[in-house]
Each structure stands twice: as structure tokens, then as C-alpha cells.
Amino acid sequence: MSVKDNLLQIKASLPPGVTLVVVSKTHPVSAIQQAYETGHLIFGENKVQELVAKYEVMPKDIEWHLIGHLQTNKVKYIAPFVSLIHSVDSLKLLEEINKQAARAGRKIDCLLQIHIAQEETKFGLSHQECIDLIQSQNYIKMNNVVIRGLMGMASNTADAAQVRNEFRSLKQFFDEVKRHFLPEISILSMGMSSDYEIAIEEGSTMIRVGSSIFGARDYSV
Ligand SMILES: *Cc1c(COP(=O)(O)O)cnc(C)c1O
């Protein structure tokens with residue numbers, strides 16, 4: 001199946017209220033172009049340099065999301081155009097996004113990444129760190145970032161019950177944050193190619209899908 005067919009088939013299967021972020025990392029501009037030609041406008045990349053390079057050559061109506069770990073010293077390169085940062089995992093990073101957004105004359109939408117997997121290697125805040133961040137005076141004073149919701153990545157395991165539990169606990173935490181601290185949040189970014197169906201059943205409103213659309217990534221090129 002072609003990129004277009006894969007994309008249209010996944011989109012047709014999504015319930016209302018679930019947004020698809022097409023993850024184009026490692027894939028060439030020609031592949032993104034095929035997806036764009038279906039009318040899809042939301043794309044995600046995990047590396048700043050690649051995101052900037054693709055932003056520069058692709059049509060300007062695309063909404064670019066940064067989904068991967070972000071270093072503070074690279075925020076300045078994406079602040080002028082990025083539409084959603086999924087991977088905010090520290091107050092220090094949020095402060096830098098706020099500063100660079102102000103410099104660019106923008107407000108930048110952000111998600112707080114919550115650590116939900118068993119793997120130590122994955123990034124993200126604990127529940128307590130997340131609550132401390134949103135209650136901090138530093139955050140309350142920021143005028144150029146808007147927290148739109150939470151993001152999480154489940155463990156990379158074939159154990160579907162474990163994946164479901166991780167998503168379920170993130171949805172519970174999302175509801176708690178919304179009820180007690182940030183009533184305006186609406187985005188719960190969870191689910192990728194291998195697990196987005198489970199994520200949607202557990203309350204995801206935004207899925208990030210790459211390989212099911214473009215095929216497997218080849219990191220050797
Ligand atoms: C690569 C990536 C995805 C998409 O992964 P696929 O398995 O290709 O769908 C989703 N989220 C993040 C944070 C990623 O880095």
C-alpha cells in the first residue's frame with residue numbers, strides 16, 4: 001500500500017475527537033509531500049535539525065509538532081514556527097520555550113511529557129514533578145507558553161495488558177490534573193503505530209503514527 005492509502009485508511013478508522021500526527025522523522029520530503037497531498041497538515045518530528053530543514057522546504061500551512069526530547073539550547077531554532085511541543089519534561093525547558101516564544105512574538109502550545117513506561121530510558125516527569133511544575137510561581141508567571149495537555153509513551157513491549165495499564169494510568173492522571181489544576185487542558189497525546197488502538201480505547205485524543213504510514217524507518221541512511 002502507498003503512503004496515501006495507509007494514511008487515509010488510518011484516518012478513516014479514527015473516532016471523532018482523535019487527531020492524527022503523522023510522524024515523518026527519517027523520511028524524505030518526497031514522502032511527506034505524498035501525505036500532504038491527501039490534505040493532511042499535521043506532522044511530527046523528533047529532532048530539531050530535521051524539523052527545521054523540513055519546515056523550510058515544505059508548504060507553510062503545515063502544523064509542525066516536536067515530539068522528541070528537546071534540549072534547551074535548541075529551542076530558539078523552532079520557536080518561530082513550531083505549533084505544538086509534546087515533550088516538555090522540565091521547568092527549565094518550559095522557561096526557555098517561554099523566553100524564545102516571547103522573542104518570536106508568539107505563544108507556544110506545549111504538552112507535559114509524563115513518564116509512564118517501565119523503561120528507565122524514556123523521558124518524562126513523574127506525577128509529582130508535573131504537579132510541582134504547574135503550581136510553581138515560575139510557571140504561573142509565564143505569558144508565552146500554554147499547556148494544552150499531557151503526553152506519554154508506553155513501554156515497548158508485546159504485553160498489551162501492560163501497555164493498556166500504562167495508558168489508563170496516564171488518562172486517570174490527566175483527568176486529575178484537569179479537575180484540580182488546569183481545567184482548560186484538552187490534549188492527551190498517547191499512542192503510536194504499535195499501540196494507538198489501545199491508546200484510543202483508553203482515552204487518547206492525539207496519536208503519533210509513523211511506521212504504519214511510511215513503512216519501517218531505515219536509520220542506516
Ligand atoms: C517515532 C515516534 C513515534 C512514532 O513511532 P511509530 O512506531 O513509527 O509510529 C511516536 N512518538 C514519538 C515520541 C516518536 O519518537
# chains A, B, ... in the order shown; residues from 1 in each chain; ligands from 1

call {"tool": "residues_around", "arguments": {"residues": "A:Leu170", "least_positions_apart": "5", "cutoff": "8 Å", "atoms": "only C-alpha atoms", "output": "MDAnalysis selection string"}}
result
chainID A and resid 114 116 152

call {"tool": "residues_around", "arguments": {"residues": "A:Ile131", "least_positions_apart": "3", "cutoff": "12 Å", "atoms": "only C-alpha atoms", "output": "list in words"}}
result
Ser90, Leu91, Leu112, Ile114, Leu125, Ser126, His127, Gln128, Ile134, Gln135, Ser136, Tyr139, Leu150, Phe173, Phe174, Glu176, Val177, Lys178, His180, Phe181 and Leu182 of chain A

call {"tool": "closest_residue", "arguments": {"among": "A:Thr19, A:Asn98, A:Asn156, A:Gln9", "to": "A:Lys141", "atoms": "only C-alpha atoms"}}
result
A:Asn98

call {"tool": "residues_near_ligand", "arguments": {"ligand": "ligand 1", "cutoff": "7 Å", "atoms": "only C-alpha atoms and all ligand atoms", "output": "PyMOL selection string"}}
result
chain A and resi 23+25+46+67-68+153+192-194+208-212

call {"tool": "closest_residue", "arguments": {"among": "A:Glu50, A:Asp109, A:Glu120, A:Glu56", "to": "A:Ile147", "atoms": "only C-alpha atoms"}}
result
A:Asp109

call {"tool": "select_by_dssp", "arguments": {"residues": "stretch 114-191 of chain A", "states": "helix (DSSP H, G or I)", "output": "ChimeraX atom specification"}}
result
/A:127-135,137-140,160-180

call {"tool": "residues_around", "arguments": {"residues": "stretch 72-81 of chain A", "least_positions_apart": "5", "cutoff": "6 Å", "atoms": "only C-alpha atoms", "output": "mmCIF file with N, CA, C and O atoms, in the first residue's frame"}}
result
data_model
loop_
_atom_site.group_PDB
_atom_site.id
_atom_site.type_symbol
_atom_site.label_atom_id
_atom_site.label_comp_id
_atom_site.auth_asym_id
_atom_site.auth_seq_id
_atom_site.Cartn_x
_atom_site.Cartn_y
_atom_site.Cartn_z
ATOM 1 N N LEU A 93 13.192 23.736 30.805
ATOM 2 C CA LEU A 93 12.863 23.727 29.369
ATOM 3 C C LEU A 93 11.666 24.633 29.092
ATOM 4 O O LEU A 93 11.673 25.406 28.129
ATOM 5 N N GLN A 100 11.935 32.099 24.446
ATOM 6 C CA GLN A 100 12.109 32.156 22.987
ATOM 7 C C GLN A 100 10.789 32.479 22.282
ATOM 8 O O GLN A 100 10.785 33.093 21.214
ATOM 9 N N ALA A 101 9.682 32.058 22.864
ATOM 10 C CA ALA A 101 8.371 32.401 22.290
ATOM 11 C C ALA A 101 8.147 33.898 22.380
ATOM 12 O O ALA A 101 7.671 34.534 21.428
ATOM 13 N N ALA A 104 10.065 35.620 19.800
ATOM 14 C CA ALA A 104 9.460 35.437 18.468
ATOM 15 C C ALA A 104 8.076 36.086 18.384
ATOM 16 O O ALA A 104 7.416 35.996 17.347
#

call {"tool": "closest_residue", "arguments": {"among": "A:Gln137, A:Gln113, A:Thr205, A:Ser2", "to": "A:Ala154", "atoms": "only C-alpha atoms"}}
result
A:Gln113

call {"tool": "closest_residue", "arguments": {"among": "A:Val57, A:Met206, A:Cys110, A:Ala31", "to": "A:Val82", "atoms": "only C-alpha atoms"}}
result
A:Cys110

call {"tool": "closest_residue", "arguments": {"among": "A:Ser87, A:Thr26, A:Asn165, A:Asn138", "to": "A:Leu70", "atoms": "only C-alpha atoms"}}
result
A:Ser87

call {"tool": "select_by_dssp", "arguments": {"residues": "stretch 8-155 of chain A", "states": "strand (DSSP E)", "output": "JSON, numbers by chain"}}
result
{"A": [19, 20, 21, 22, 23, 42, 43, 44, 45, 63, 64, 65, 66, 84, 85, 86, 87, 88, 108, 109, 110, 111, 112, 113, 114, 145, 146, 147, 148, 149, 150, 151, 152]}
